[in-house]
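Here is coords.txt, consisting of compact mmCIF, C-alpha atoms and all ligand atoms:
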# COMPACT_ATOMS: atom_id res chain seq x y z
CA MET A 592 92.47 18.89 194.66
CA THR A 593 94.15 22.24 193.92
CA LYS A 594 95.82 23.86 196.85
CA LYS A 595 94.09 26.94 198.27
CA SER A 596 96.01 30.18 198.14
CA ALA A 597 95.45 33.19 200.32
CA LEU A 598 96.53 36.79 200.01
CA ILE A 599 96.98 38.66 203.30
CA THR A 600 97.31 42.43 203.35
CA GLY A 601 98.89 43.55 206.62
CA ILE A 602 100.81 40.27 206.94
CA THR A 603 103.57 41.98 208.95
CA GLY A 604 101.10 43.04 211.66
CA GLN A 605 99.91 41.20 214.77
CA ASP A 606 96.94 39.49 213.11
CA GLY A 607 98.61 38.99 209.73
CA SER A 608 101.41 36.98 211.30
CA TYR A 609 99.05 34.69 213.28
CA LEU A 610 96.82 34.27 210.23
CA ALA A 611 99.79 33.32 208.03
CA GLU A 612 100.72 30.65 210.59
CA LEU A 613 97.20 29.25 210.69
CA LEU A 614 96.82 29.14 206.91
CA LEU A 615 100.22 27.51 206.38
CA LYS A 616 99.22 24.91 208.96
CA ASN A 617 95.99 24.39 206.99
CA ASN A 618 98.10 23.70 203.89
CA TYR A 619 97.50 26.97 202.05
CA THR A 620 99.98 28.78 199.86
CA VAL A 621 100.23 32.15 201.58
CA HIS A 622 101.01 35.43 199.87
CA GLY A 623 101.47 38.65 201.78
CA ILE A 624 101.70 42.29 200.82
CA VAL A 625 104.51 44.20 202.49
CA ARG A 626 105.12 47.89 202.14
CA ARG A 627 108.43 49.53 201.72
CA SER A 628 109.94 50.97 204.89
CA SER A 629 113.36 52.31 205.76
CA LEU A 630 113.88 49.50 208.28
CA PHE A 631 112.88 45.89 207.63
CA ASN A 632 109.41 45.48 209.13
CA ARG A 633 109.11 41.68 209.11
CA SER A 634 110.19 40.72 212.62
CA ARG A 635 106.85 39.01 213.37
CA LEU A 636 107.31 36.84 210.27
CA ALA A 637 110.91 35.75 210.73
CA ALA A 638 110.22 32.53 212.63
CA ILE A 639 107.26 31.62 210.41
CA TYR A 640 109.39 32.17 207.33
CA ARG A 641 112.10 29.88 208.67
CA GLU A 642 109.58 27.17 209.58
CA SER A 643 107.72 27.31 206.28
CA GLU A 644 109.58 24.24 205.01
CA ALA A 645 107.60 23.93 201.80
CA ASN A 646 108.49 27.56 201.14
CA ASP A 647 104.81 28.34 200.83
CA LEU A 648 105.05 31.88 202.16
CA HIS A 649 105.61 34.56 199.52
CA LEU A 650 105.92 38.29 200.10
CA HIS A 651 105.16 40.97 197.51
CA TYR A 652 105.82 44.68 197.66
CA GLY A 653 102.60 46.67 197.47
CA ASP A 654 100.56 49.26 199.30
CA LEU A 655 96.86 49.87 199.90
CA VAL A 656 97.32 53.42 198.61
CA ASP A 657 98.62 52.10 195.26
CA SER A 658 95.94 50.53 193.04
CA SER A 659 98.42 49.41 190.41
CA SER A 660 100.27 47.25 192.95
CA LEU A 661 97.00 45.63 194.09
CA ASN A 662 95.94 44.85 190.51
CA ARG A 663 99.38 43.47 189.65
CA ILE A 664 99.53 41.20 192.70
CA LEU A 665 95.97 39.89 192.25
CA GLU A 666 96.58 39.08 188.58
CA LYS A 667 99.87 37.40 189.35
CA ILE A 668 98.79 35.13 192.18
CA GLU A 669 95.02 34.68 191.61
CA PRO A 670 94.28 33.88 195.27
CA THR A 671 91.22 31.92 196.36
CA GLU A 672 90.90 33.93 199.59
CA ILE A 673 91.88 37.50 200.44
CA TYR A 674 92.21 38.75 204.01
CA ASN A 675 92.33 42.53 204.11
CA ARG A 676 94.09 43.23 207.41
CA ALA A 677 96.23 46.21 206.42
CA ALA A 678 95.41 49.48 208.12
CA GLN A 679 96.66 52.48 210.01
CA SER A 680 95.19 50.70 213.00
CA HIS A 681 95.88 53.08 215.89
CA VAL A 682 92.72 54.96 216.91
CA GLY A 683 94.54 57.70 218.85
CA ILE A 684 97.00 58.37 216.03
CA SER A 685 94.14 58.58 213.52
CA PHE A 686 93.30 61.98 215.05
CA ASP A 687 96.82 63.14 214.09
CA VAL A 688 96.78 61.67 210.56
CA PRO A 689 93.08 61.62 209.63
CA GLU A 690 93.49 62.01 205.88
CA TYR A 691 96.12 59.27 205.66
CA THR A 692 94.00 56.98 207.84
CA ALA A 693 91.00 57.53 205.56
CA ASP A 694 93.17 56.84 202.53
CA VAL A 695 94.56 53.51 203.78
CA ASP A 696 91.64 52.19 205.84
CA GLY A 697 88.75 53.54 203.76
CA LEU A 698 89.89 54.08 200.17
CA GLY A 699 92.40 51.24 200.48
CA THR A 700 89.55 48.79 200.96
CA LEU A 701 87.74 50.30 197.98
CA ARG A 702 90.88 49.89 195.85
CA LEU A 703 91.12 46.24 196.82
CA LEU A 704 87.43 45.54 196.16
CA ASP A 705 87.64 47.32 192.83
CA ALA A 706 90.75 45.37 191.84
CA LEU A 707 88.85 42.18 192.66
CA LYS A 708 85.87 43.29 190.59
CA ASN A 709 87.97 44.41 187.61
CA THR A 710 90.27 41.39 187.49
CA GLN A 711 87.19 39.11 187.84
CA ILE A 712 89.19 36.78 190.05
CA LYS A 713 86.86 34.46 191.95
CA ALA A 714 88.30 35.06 195.41
CA LYS A 715 86.46 35.41 198.70
CA LEU A 716 87.32 38.58 200.62
CA TYR A 717 87.47 39.08 204.37
CA GLN A 718 87.40 42.67 205.65
CA ALA A 719 88.93 43.63 209.01
CA SER A 720 85.99 45.53 210.42
CA THR A 721 86.05 46.61 214.02
CA SER A 722 84.09 47.13 217.21
CA GLU A 723 85.22 50.78 216.95
CA LEU A 724 82.29 51.10 214.50
CA TYR A 725 79.94 51.01 217.52
CA GLY A 726 81.73 53.93 219.18
CA LYS A 727 79.12 55.72 221.24
CA ALA A 728 76.64 52.89 220.86
CA GLY A 729 73.58 53.21 223.01
CA LYS A 730 73.40 49.45 223.51
CA VAL A 731 75.55 47.00 225.47
CA PRO A 732 76.43 44.29 224.47
CA GLN A 733 76.84 45.07 220.79
CA ASP A 734 75.86 42.61 218.08
CA GLU A 735 75.47 42.60 214.28
CA LEU A 736 72.26 44.66 214.51
CA THR A 737 73.54 47.40 216.85
CA PRO A 738 73.67 50.78 215.07
CA PHE A 739 77.12 52.26 214.39
CA TYR A 740 78.34 55.58 215.83
CA PRO A 741 82.04 56.04 214.95
CA ARG A 742 84.07 58.28 217.27
CA SER A 743 87.38 58.74 215.41
CA PRO A 744 88.77 59.22 211.90
CA TYR A 745 89.85 55.56 212.17
CA ALA A 746 86.34 54.37 212.93
CA ALA A 747 84.78 56.61 210.26
CA ALA A 748 87.19 55.23 207.64
CA LYS A 749 86.38 51.67 208.74
CA LEU A 750 82.66 52.48 208.50
CA PHE A 751 83.14 53.52 204.84
CA ALA A 752 85.00 50.23 204.25
CA TYR A 753 82.33 48.18 206.02
CA TRP A 754 79.55 49.49 203.81
CA LEU A 755 81.62 49.10 200.63
CA VAL A 756 82.04 45.43 201.45
CA VAL A 757 78.26 45.11 201.82
CA ASN A 758 77.74 47.11 198.64
CA TYR A 759 80.18 45.11 196.47
CA ARG A 760 78.54 41.94 197.74
CA GLU A 761 75.06 43.15 196.80
CA ALA A 762 75.98 44.99 193.60
CA TYR A 763 78.46 42.58 192.01
CA GLY A 764 77.89 39.26 193.78
CA ILE A 765 81.40 39.29 195.27
CA PHE A 766 81.87 36.93 198.23
CA ALA A 767 82.86 39.62 200.71
CA SER A 768 82.36 39.36 204.48
CA ASN A 769 82.95 41.67 207.42
CA GLY A 770 84.43 40.34 210.64
CA ILE A 771 83.49 42.90 213.31
CA LEU A 772 86.28 42.06 215.70
CA PHE A 773 86.52 43.37 219.23
CA ASN A 774 89.97 44.11 220.67
CA HIS A 775 92.33 41.16 220.52
CA GLU A 776 95.77 41.11 222.03
CA SER A 777 98.87 38.94 222.28
CA PRO A 778 102.58 39.16 222.93
CA ARG A 779 102.82 40.29 219.27
CA ARG A 780 100.54 43.30 219.84
CA GLY A 781 101.89 46.64 218.60
CA GLU A 782 103.87 48.35 221.35
CA ASN A 783 101.72 51.49 221.57
CA PHE A 784 98.37 49.75 222.14
CA VAL A 785 97.42 49.93 225.79
CA THR A 786 97.76 46.25 226.76
CA ARG A 787 101.23 45.80 225.27
CA LYS A 788 102.30 49.20 226.54
CA ILE A 789 101.40 48.07 230.07
CA THR A 790 103.18 44.71 229.86
CA LEU A 791 106.28 46.21 228.21
CA SER A 792 106.43 49.02 230.76
CA ILE A 793 106.21 46.59 233.67
CA VAL A 794 109.29 44.81 232.38
CA SER A 795 111.12 48.12 231.83
CA ILE A 796 110.24 49.12 235.42
CA LEU A 797 111.52 45.76 236.69
CA LYS A 798 114.77 46.28 234.81
CA GLY A 799 115.17 49.78 236.20
CA GLU A 800 114.89 51.37 232.75
CA LEU A 801 111.59 53.17 233.45
CA SER A 802 110.45 54.81 236.67
CA HIS A 803 106.70 54.41 236.11
CA LEU A 804 103.97 53.78 233.56
CA GLU A 805 102.10 56.77 232.04
CA LEU A 806 98.57 56.24 230.78
CA GLY A 807 95.51 58.18 229.61
CA THR A 808 91.96 57.24 230.52
CA LEU A 809 91.77 54.34 232.98
CA ASP A 810 88.04 53.70 233.20
CA VAL A 811 87.23 52.90 229.58
CA LYS A 812 86.07 49.34 229.07
CA ARG A 813 87.16 46.93 226.38
CA ASP A 814 86.25 43.40 225.38
CA TRP A 815 89.75 41.89 225.12
CA GLY A 816 90.34 38.50 223.51
CA TYR A 817 93.36 36.48 222.42
CA ALA A 818 94.50 37.15 218.83
CA PRO A 819 95.31 33.56 217.70
CA GLU A 820 91.69 32.57 218.44
CA TYR A 821 90.43 35.54 216.42
CA VAL A 822 92.35 34.62 213.27
CA ASP A 823 90.66 31.22 213.45
CA ALA A 824 87.33 33.11 213.39
CA MET A 825 88.44 35.03 210.27
CA TRP A 826 89.18 31.77 208.50
CA ARG A 827 85.82 30.31 209.55
CA ILE A 828 84.01 33.40 208.23
CA LEU A 829 85.38 32.72 204.74
CA GLN A 830 84.56 28.98 204.95
CA TYR A 831 80.88 29.75 205.69
CA HIS A 832 78.65 28.85 202.76
CA ARG A 833 77.64 32.47 202.05
CA PRO A 834 79.14 35.91 202.66
CA ASP A 835 77.89 37.51 205.86
CA ASP A 836 78.95 39.80 208.71
CA PHE A 837 79.93 38.49 212.15
CA VAL A 838 80.77 39.90 215.57
CA ILE A 839 83.79 38.20 217.17
CA ALA A 840 84.21 38.93 220.89
CA THR A 841 84.60 37.37 224.33
CA ASN A 842 81.31 38.90 225.59
CA GLU A 843 83.17 40.22 228.68
CA THR A 844 84.34 43.75 229.35
CA HIS A 845 87.06 45.14 231.63
CA THR A 846 88.61 48.53 232.33
CA VAL A 847 92.16 49.59 231.53
CA ARG A 848 92.51 50.00 235.30
CA GLU A 849 91.70 46.30 235.82
CA PHE A 850 94.28 45.35 233.19
CA VAL A 851 96.93 47.39 235.03
CA GLU A 852 96.00 45.86 238.40
CA GLU A 853 96.03 42.29 237.09
CA ALA A 854 99.33 42.76 235.23
CA PHE A 855 101.07 44.11 238.34
CA ARG A 856 99.42 41.43 240.50
CA PHE A 857 101.08 38.82 238.28
CA ILE A 858 104.52 40.11 239.35
CA GLY A 859 103.44 40.25 242.98
CA LYS A 860 102.58 43.95 243.24
CA GLU A 861 99.29 45.25 244.57
CA ILE A 862 98.36 48.65 243.12
CA VAL A 863 96.35 51.09 245.25
CA TRP A 864 94.93 54.23 243.67
CA THR A 865 95.15 57.74 245.13
CA GLY A 866 94.04 61.13 243.78
CA VAL A 867 91.61 61.91 240.97
CA GLY A 868 91.74 62.86 237.27
CA VAL A 869 95.20 63.81 236.03
CA ASP A 870 96.47 63.65 239.63
CA GLU A 871 95.57 60.03 240.05
CA ARG A 872 98.45 57.70 240.93
CA GLY A 873 98.85 53.95 241.09
CA VAL A 874 101.03 53.13 244.08
CA ASP A 875 102.72 49.88 245.15
CA ARG A 876 100.97 49.01 248.42
CA ALA A 877 104.09 47.37 249.87
CA THR A 878 106.62 50.13 249.14
CA ASP A 879 104.55 53.29 248.44
CA ARG A 880 106.43 53.68 245.18
CA VAL A 881 104.44 55.41 242.40
CA LEU A 882 104.15 52.97 239.51
CA VAL A 883 101.36 54.56 237.42
CA THR A 884 100.62 58.21 236.58
CA ILE A 885 98.22 59.93 234.19
CA ASN A 886 99.42 61.89 231.17
CA PRO A 887 96.63 63.77 229.36
CA LYS A 888 98.56 63.49 226.09
CA PHE A 889 97.13 59.97 225.87
CA TYR A 890 93.53 61.23 226.10
CA ARG A 891 91.58 61.16 222.83
CA PRO A 892 89.43 64.07 221.60
CA THR A 893 86.47 61.69 221.59
CA GLU A 894 86.57 58.40 223.47
CA VAL A 895 84.77 55.08 223.15
CA ASP A 896 83.68 54.35 226.70
CA ILE A 897 82.50 50.77 226.56
CA LEU A 898 82.81 47.89 224.14
CA GLN A 899 81.33 44.52 224.89
CA GLY A 900 80.44 42.15 222.10
CA ASP A 901 77.79 39.51 221.69
CA SER A 902 79.25 36.82 219.43
CA SER A 903 76.32 34.37 219.61
CA LYS A 904 75.83 34.49 215.85
CA ALA A 905 79.43 33.29 215.31
CA LYS A 906 78.90 30.56 217.88
CA ALA A 907 75.69 29.36 216.22
CA LEU A 908 76.78 29.57 212.57
CA LEU A 909 80.57 29.18 212.66
CA ASN A 910 80.91 27.05 215.79
CA TRP A 911 83.42 29.65 217.04
CA GLN A 912 83.77 30.72 220.63
CA PRO A 913 86.54 32.35 222.66
CA LYS A 914 88.64 30.24 225.02
CA THR A 915 91.12 32.58 226.66
CA ARG A 916 89.55 34.78 229.33
CA PHE A 917 90.71 38.14 230.67
CA LYS A 918 93.01 37.06 233.52
CA GLU A 919 94.63 34.34 231.45
CA LEU A 920 95.25 36.85 228.65
CA VAL A 921 96.89 39.36 231.00
CA HIS A 922 99.03 36.64 232.54
CA LEU A 923 100.21 35.19 229.24
CA MET A 924 101.16 38.64 227.96
CA VAL A 925 103.17 39.55 231.08
CA GLU A 926 104.76 36.11 231.16
CA ALA A 927 105.85 36.41 227.51
CA GLU A 928 107.35 39.83 228.22
CA LEU A 929 109.27 38.52 231.23
CA ARG A 930 110.61 35.63 229.21
CA ALA A 931 111.64 37.86 226.30
CA ALA A 932 113.51 40.09 228.75
CA GLY A 933 115.28 37.14 230.37
CA LEU A 934 113.45 37.72 233.66
CA VAL A 935 112.35 34.11 233.98
CA ASN A 936 114.81 31.45 235.03
CA LEU A 937 114.31 28.99 232.20
CA GLU A 938 115.51 26.01 234.23
CA SER A 939 113.47 26.48 237.38
CA ASN A 940 110.73 28.41 235.53
CA GLU A 941 110.80 30.91 238.41
CA ARG A 942 110.37 34.59 237.85
CA ILE A 943 113.35 36.71 238.80
CA ALA A 944 112.21 39.54 241.06
CA LEU A 945 114.19 42.72 240.46
CA LEU A 946 112.02 45.37 241.99
P1 LIG B 1001 98.74 46.11 213.10
O1 LIG B 1001 99.56 45.21 213.96
O2 LIG B 1001 98.85 47.58 213.25
O3 LIG B 1001 99.06 45.72 211.57
C1 LIG B 1001 98.63 46.53 210.53
C2 LIG B 1001 99.25 45.99 209.24
O4 LIG B 1001 98.85 46.83 208.15
C3 LIG B 1001 100.78 45.97 209.24
O5 LIG B 1001 101.20 44.83 208.55
C4 LIG B 1001 101.11 47.23 208.45
O6 LIG B 1001 102.37 47.20 207.83
C5 LIG B 1001 100.01 47.17 207.41
N1 LIG B 1001 99.80 48.44 206.71
C6 LIG B 1001 99.60 49.66 207.24
N2 LIG B 1001 99.44 50.57 206.29
C7 LIG B 1001 99.54 49.93 205.11
C8 LIG B 1001 99.46 50.32 203.76
N3 LIG B 1001 99.28 51.59 203.40
N4 LIG B 1001 99.59 49.38 202.79
C9 LIG B 1001 99.82 48.08 203.12
N5 LIG B 1001 99.92 47.65 204.39
C10 LIG B 1001 99.78 48.57 205.37
O7 LIG B 1001 97.19 45.76 213.27
P2 LIG B 1001 96.47 44.43 213.80
O8 LIG B 1001 96.21 44.59 215.26
O9 LIG B 1001 97.17 43.24 213.30
O10 LIG B 1001 95.06 44.57 213.09
C11 LIG B 1001 94.88 44.07 211.77
C12 LIG B 1001 93.63 44.66 211.15
O11 LIG B 1001 92.50 44.38 211.96
C13 LIG B 1001 93.65 46.17 211.00
O12 LIG B 1001 92.92 46.48 209.83
C14 LIG B 1001 92.90 46.68 212.22
O13 LIG B 1001 92.34 47.94 211.95
C15 LIG B 1001 91.85 45.59 212.35
N6 LIG B 1001 91.34 45.35 213.70
C16 LIG B 1001 92.20 45.06 214.71
C17 LIG B 1001 91.69 44.77 215.96
C18 LIG B 1001 92.61 44.44 217.12
O14 LIG B 1001 92.15 44.49 218.27
N7 LIG B 1001 93.86 44.07 216.87
C19 LIG B 1001 90.29 44.76 216.18
C20 LIG B 1001 89.45 45.04 215.11
C21 LIG B 1001 89.98 45.31 213.86
P3 LIG B 1001 103.72 47.66 208.61
O15 LIG B 1001 104.16 46.46 209.41
O16 LIG B 1001 104.61 48.02 207.50
O17 LIG B 1001 103.35 48.81 209.50
N1 LIG B 1002 97.02 53.24 223.23
C1 LIG B 1002 96.77 53.72 224.45
N2 LIG B 1002 97.80 54.26 225.18
N3 LIG B 1002 95.51 53.67 224.93
C2 LIG B 1002 95.29 54.11 226.18
C3 LIG B 1002 96.31 54.65 226.98
C4 LIG B 1002 97.63 54.73 226.45
O1 LIG B 1002 98.55 55.21 227.08
N4 LIG B 1002 95.77 55.00 228.18
C5 LIG B 1002 94.48 54.69 228.13
N5 LIG B 1002 94.17 54.17 226.92
C6 LIG B 1002 92.84 53.76 226.48
C7 LIG B 1002 92.44 54.33 225.12
O2 LIG B 1002 92.00 55.68 225.28
C8 LIG B 1002 91.33 53.36 224.73
O3 LIG B 1002 90.12 53.74 225.30
C9 LIG B 1002 91.78 52.04 225.35
O4 LIG B 1002 92.83 52.36 226.27
C10 LIG B 1002 92.30 51.03 224.35
O5 LIG B 1002 93.23 51.68 223.51
P1 LIG B 1002 94.11 50.88 222.43
O6 LIG B 1002 94.80 49.75 223.08
O7 LIG B 1002 94.94 51.88 221.70
O8 LIG B 1002 93.02 50.21 221.48
P2 LIG B 1002 91.66 50.77 220.85
O9 LIG B 1002 90.53 50.13 221.62
O10 LIG B 1002 91.65 52.24 220.74
O11 LIG B 1002 91.73 50.18 219.37
C11 LIG B 1002 92.10 48.82 219.13
O12 LIG B 1002 90.96 48.01 219.09
C12 LIG B 1002 90.05 48.31 218.03
C13 LIG B 1002 88.87 47.34 218.16
O13 LIG B 1002 87.97 47.78 219.12
C14 LIG B 1002 92.88 48.80 217.81
O14 LIG B 1002 93.42 47.53 217.61
C15 LIG B 1002 91.97 49.11 216.64
O15 LIG B 1002 92.68 48.90 215.40
C16 LIG B 1002 90.76 48.16 216.70
O16 LIG B 1002 89.88 48.43 215.64

I'd like the structure from this file rewritten - as structure tokens, please.
Amino acid sequence: MTKKSALITGITGQDGSYLAELLLKNNYTVHGIVRRSSLFNRSRLAAIYRESEANDLHLHYGDLVDSSSLNRILEKIEPTEIYNRAAQSHVGISFDVPEYTADVDGLGTLRLLDALKNTQIKAKLYQASTSELYGKAGKVPQDELTPFYPRSPYAAAKLFAYWLVVNYREAYGIFASNGILFNHESPRRGENFVTRKITLSIVSILKGELSHLELGTLDVKRDWGYAPEYVDAMWRILQYHRPDDFVIATNETHTVREFVEEAFRFIGKEIVWTGVGVDERGVDRATDRVLVTINPKFYRPTEVDILQGDSSKAKALLNWQPKTRFKELVHLMVEAELRAAGLVNLESNERIALL
């Protein structure tokens, strides 16, 4: 049997790195597109690269804003599966760079689909669609039939990409599927997404490098899952016998405030809240020290108030369901941060309290 080969765009990102690991474990040859940057941007891949004994991980320079690179790479490697995970993925920053976000996240997907159509390579394509599509959805929980209402340039660009995937499937018979993934986190999460920002800041506070954590809106709700389980869902979506669109979520929702409380609780701190709006403070009950403040610069011009997914279709058709629940996710992220910072005694496994 010929070995399957996969092309991952966005391989240097959180999801791309977990997906590369999964596919290598499943005996794929894995190709990834990396873009040029002034500093090497492959830190998430370093360990995987070292462990890829069969040398089955190959990186190619390319960019979603450069059609010629996409055509060249597709023709060269003729993958059997393509996972389009590359994006300017930060919702808040998309308000600052809307045109660029539309170019990469929207037109970039079109360029990839068109390259697939023109090269006539028989590959299945997975598109990284998002729960941000629901935006100001009137319905909770959200499933595959819930109408979309994007609330940011990021979400609008992803909406364009979502419908192109459906269109190329219907117009040209391309096996192209959307995974509508709700937020998924891990110790590899980008440092300016709220969960990782909280866990990183806690460690910086413990080390005395930061006085307190600054956040924007605390009462928005997100359906947070664990990224390694979500890349398994992506793979299952492409193994399904026909192209289709699937919601992937934990079906639970929690506020940013709850994430903060649980993360501090893990290091033995109870947060009590005082004040309202921009004057709100999160205070350590034991010492009265202010550990959380609000900075309006992290507010977004339009916000997505609540995301909660219903992934019953994925459970029924893909036999996929989430395992890691909210508290466990918070704990594993804080624990990983403490370990990375040397704040866990590796012999006794005890946490070193510095605060
Ligand atoms: P991420 O960590 O920000 O990774 C994004 C990846 O895209 C990085 O490898 C980045 O490369 C690459 N990239 C950015 N612009 C590019 C361009 N012009 N050409 C080629 N590559 C480019 O994001 P993630 O959390 O892994 O998410 C992966 C995908 O899933 C994204 O499309 C995101 O929008 C979508 N998504 C994520 C979630 C979530 O909760 N994580 C939920 C739903 C959907 P550099 O390393 O060089 O920056
Ligand atoms: N980043 C950030 N920083 N967000 C904050 C902060 C802060 O200081 N304070 C409050 N928030 C709020 C945001 O306003 C948002 O409502 C929520 O925390 C989550 O923000 P992010 O972690 O940046 O993620 P996101 O939900 O906007 O987007 C992520 O999930 C989407 C799927 O729903 C990204 O991964 C997107 O790429 C993905 O599509």

Please identify every residue of chain A that has at least one atom no farther than 7 Å from an atom of ligand LIG 1001 (chain B), counting all atoms listed in the file, and for each give the shortest atom pair and the distance in Å to one decimal, arranged by chain then increasing number, as a tab-separated table.
residue	atom	partner	partner_atom	distance
A:Thr600	CA	B:LIG1001	N5	5.9
A:Gly601	CA	B:LIG1001	O5	3.3
A:Ile602	CA	B:LIG1001	O5	4.9
A:Thr603	CA	B:LIG1001	O5	3.7
A:Gly604	CA	B:LIG1001	O3	3.4
A:Gln605	CA	B:LIG1001	O9	3.7
A:Asp606	CA	B:LIG1001	O9	3.8
A:Gly607	CA	B:LIG1001	O9	5.7
A:Ile624	CA	B:LIG1001	C9	6.5
A:Val625	CA	B:LIG1001	N5	6.0
A:Arg626	CA	B:LIG1001	O16	5.4
A:Ser628	CA	B:LIG1001	O16	6.6
A:Asn632	CA	B:LIG1001	O15	5.3
A:Arg633	CA	B:LIG1001	O15	6.9
A:Gly653	CA	B:LIG1001	C9	6.5
A:Asp654	CA	B:LIG1001	N4	3.6
A:Leu655	CA	B:LIG1001	N4	4.0
A:Val656	CA	B:LIG1001	N3	5.5
A:Asn675	CA	B:LIG1001	O12	7.0
A:Arg676	CA	B:LIG1001	C12	4.0
A:Ala677	CA	B:LIG1001	O4	3.2
A:Ala678	CA	B:LIG1001	O12	4.3
A:Gln679	CA	B:LIG1001	C6	4.9
A:Ser680	CA	B:LIG1001	O13	4.1
A:His681	CA	B:LIG1001	O2	6.8
A:Val695	CA	B:LIG1001	N3	5.1
A:Ala719	CA	B:LIG1001	O11	4.7
A:Ser720	CA	B:LIG1001	C21	5.3
A:Thr721	CA	B:LIG1001	C20	3.9
A:Ser722	CA	B:LIG1001	C20	6.1
A:Ile771	CA	B:LIG1001	C20	6.6
A:Leu772	CA	B:LIG1001	C20	4.4
A:Phe773	CA	B:LIG1001	C19	5.0
A:Asn774	CA	B:LIG1001	O14	3.3
A:His775	CA	B:LIG1001	O14	4.0
A:Glu776	CA	B:LIG1001	O14	6.2
A:Arg780	CA	B:LIG1001	O1	6.3
A:Gly781	CA	B:LIG1001	O1	5.4

Polymer residues at most 8 Å from region 636-639 of chain A, all atoms listed in the file, same-chain spacing of 2 or more positions, as a count of residues only: 8

Under the rule of at most 7 Å, produce a per-residue listing of chain A near ligand LIG 1002 (chain B): chain, number, name, the closest pair of atoms, and the distance in Å, as a Markdown table, using all atoms listed in the file.
| residue | atom | partner | partner_atom | distance |
| --- | --- | --- | --- | --- |
| A:Ser680 | CA | B:LIG1002 | O15 | 3.9 |
| A:His681 | CA | B:LIG1002 | O15 | 5.3 |
| A:Val682 | CA | B:LIG1002 | O10 | 4.8 |
| A:Gly683 | CA | B:LIG1002 | O10 | 6.5 |
| A:Thr721 | CA | B:LIG1002 | O16 | 4.5 |
| A:Ser722 | CA | B:LIG1002 | O13 | 4.4 |
| A:Glu723 | CA | B:LIG1002 | O13 | 4.6 |
| A:Leu772 | CA | B:LIG1002 | C13 | 6.4 |
| A:Phe773 | CA | B:LIG1002 | O13 | 4.6 |
| A:Asn774 | CA | B:LIG1002 | C13 | 4.2 |
| A:Asn783 | CA | B:LIG1002 | N1 | 5.3 |
| A:Phe784 | CA | B:LIG1002 | O6 | 3.7 |
| A:Val785 | CA | B:LIG1002 | O6 | 3.8 |
| A:Thr786 | CA | B:LIG1002 | O6 | 5.9 |
| A:Lys788 | CA | B:LIG1002 | N2 | 6.9 |
| A:Glu805 | CA | B:LIG1002 | O1 | 6.3 |
| A:Leu806 | CA | B:LIG1002 | O1 | 3.8 |
| A:Gly807 | CA | B:LIG1002 | N4 | 3.5 |
| A:Thr808 | CA | B:LIG1002 | C5 | 4.3 |
| A:Leu809 | CA | B:LIG1002 | C5 | 5.6 |
| A:Val811 | CA | B:LIG1002 | O3 | 5.2 |
| A:Arg813 | CA | B:LIG1002 | O9 | 6.7 |
| A:Val847 | CA | B:LIG1002 | O4 | 6.0 |
| A:Phe889 | CA | B:LIG1002 | O1 | 5.1 |
| A:Tyr890 | CA | B:LIG1002 | O2 | 5.8 |
| A:Arg891 | CA | B:LIG1002 | O2 | 6.0 |
| A:Glu894 | CA | B:LIG1002 | O3 | 6.1 |
| A:Val895 | CA | B:LIG1002 | O3 | 5.9 |
| A:Asp896 | CA | B:LIG1002 | O3 | 6.6 |

Long-range neighbours of Pro913 (chain A) as JSON, numbers by chain, 9 Å cut-off, all atoms listed in the file, 4 positions minimum in chain: {"A": [816, 817, 820, 821, 839, 840, 841, 842]}

A straight line from CA of Phe686 (chain A) to CA of Pro741 (chain A) spans 12.7 Å

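One distance worth recording is that between CA of Phe857 (chain A) and CA of His922 (chain A), which is 6.5 Å.
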
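Nearest to Tyr740 (chain A) of all the residues A:Thr893, A:Leu929, A:Met924, A:Thr710 is A:Thr893, counting only C-alpha atoms.
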
Give me, as a VMD selection string, all polymer residues having an atom no more than 8 Å from Leu791 (chain A), counting all atoms listed in the file and skipping those fewer than 2 positions away in the same chain. chain A and resid 782 787 to 789 793 to 795 925 928

A:Val921, A:Val863, A:Leu707, A:Val838: which is nearest Pro732 (chain A), counting all atoms listed in the file? A:Val838
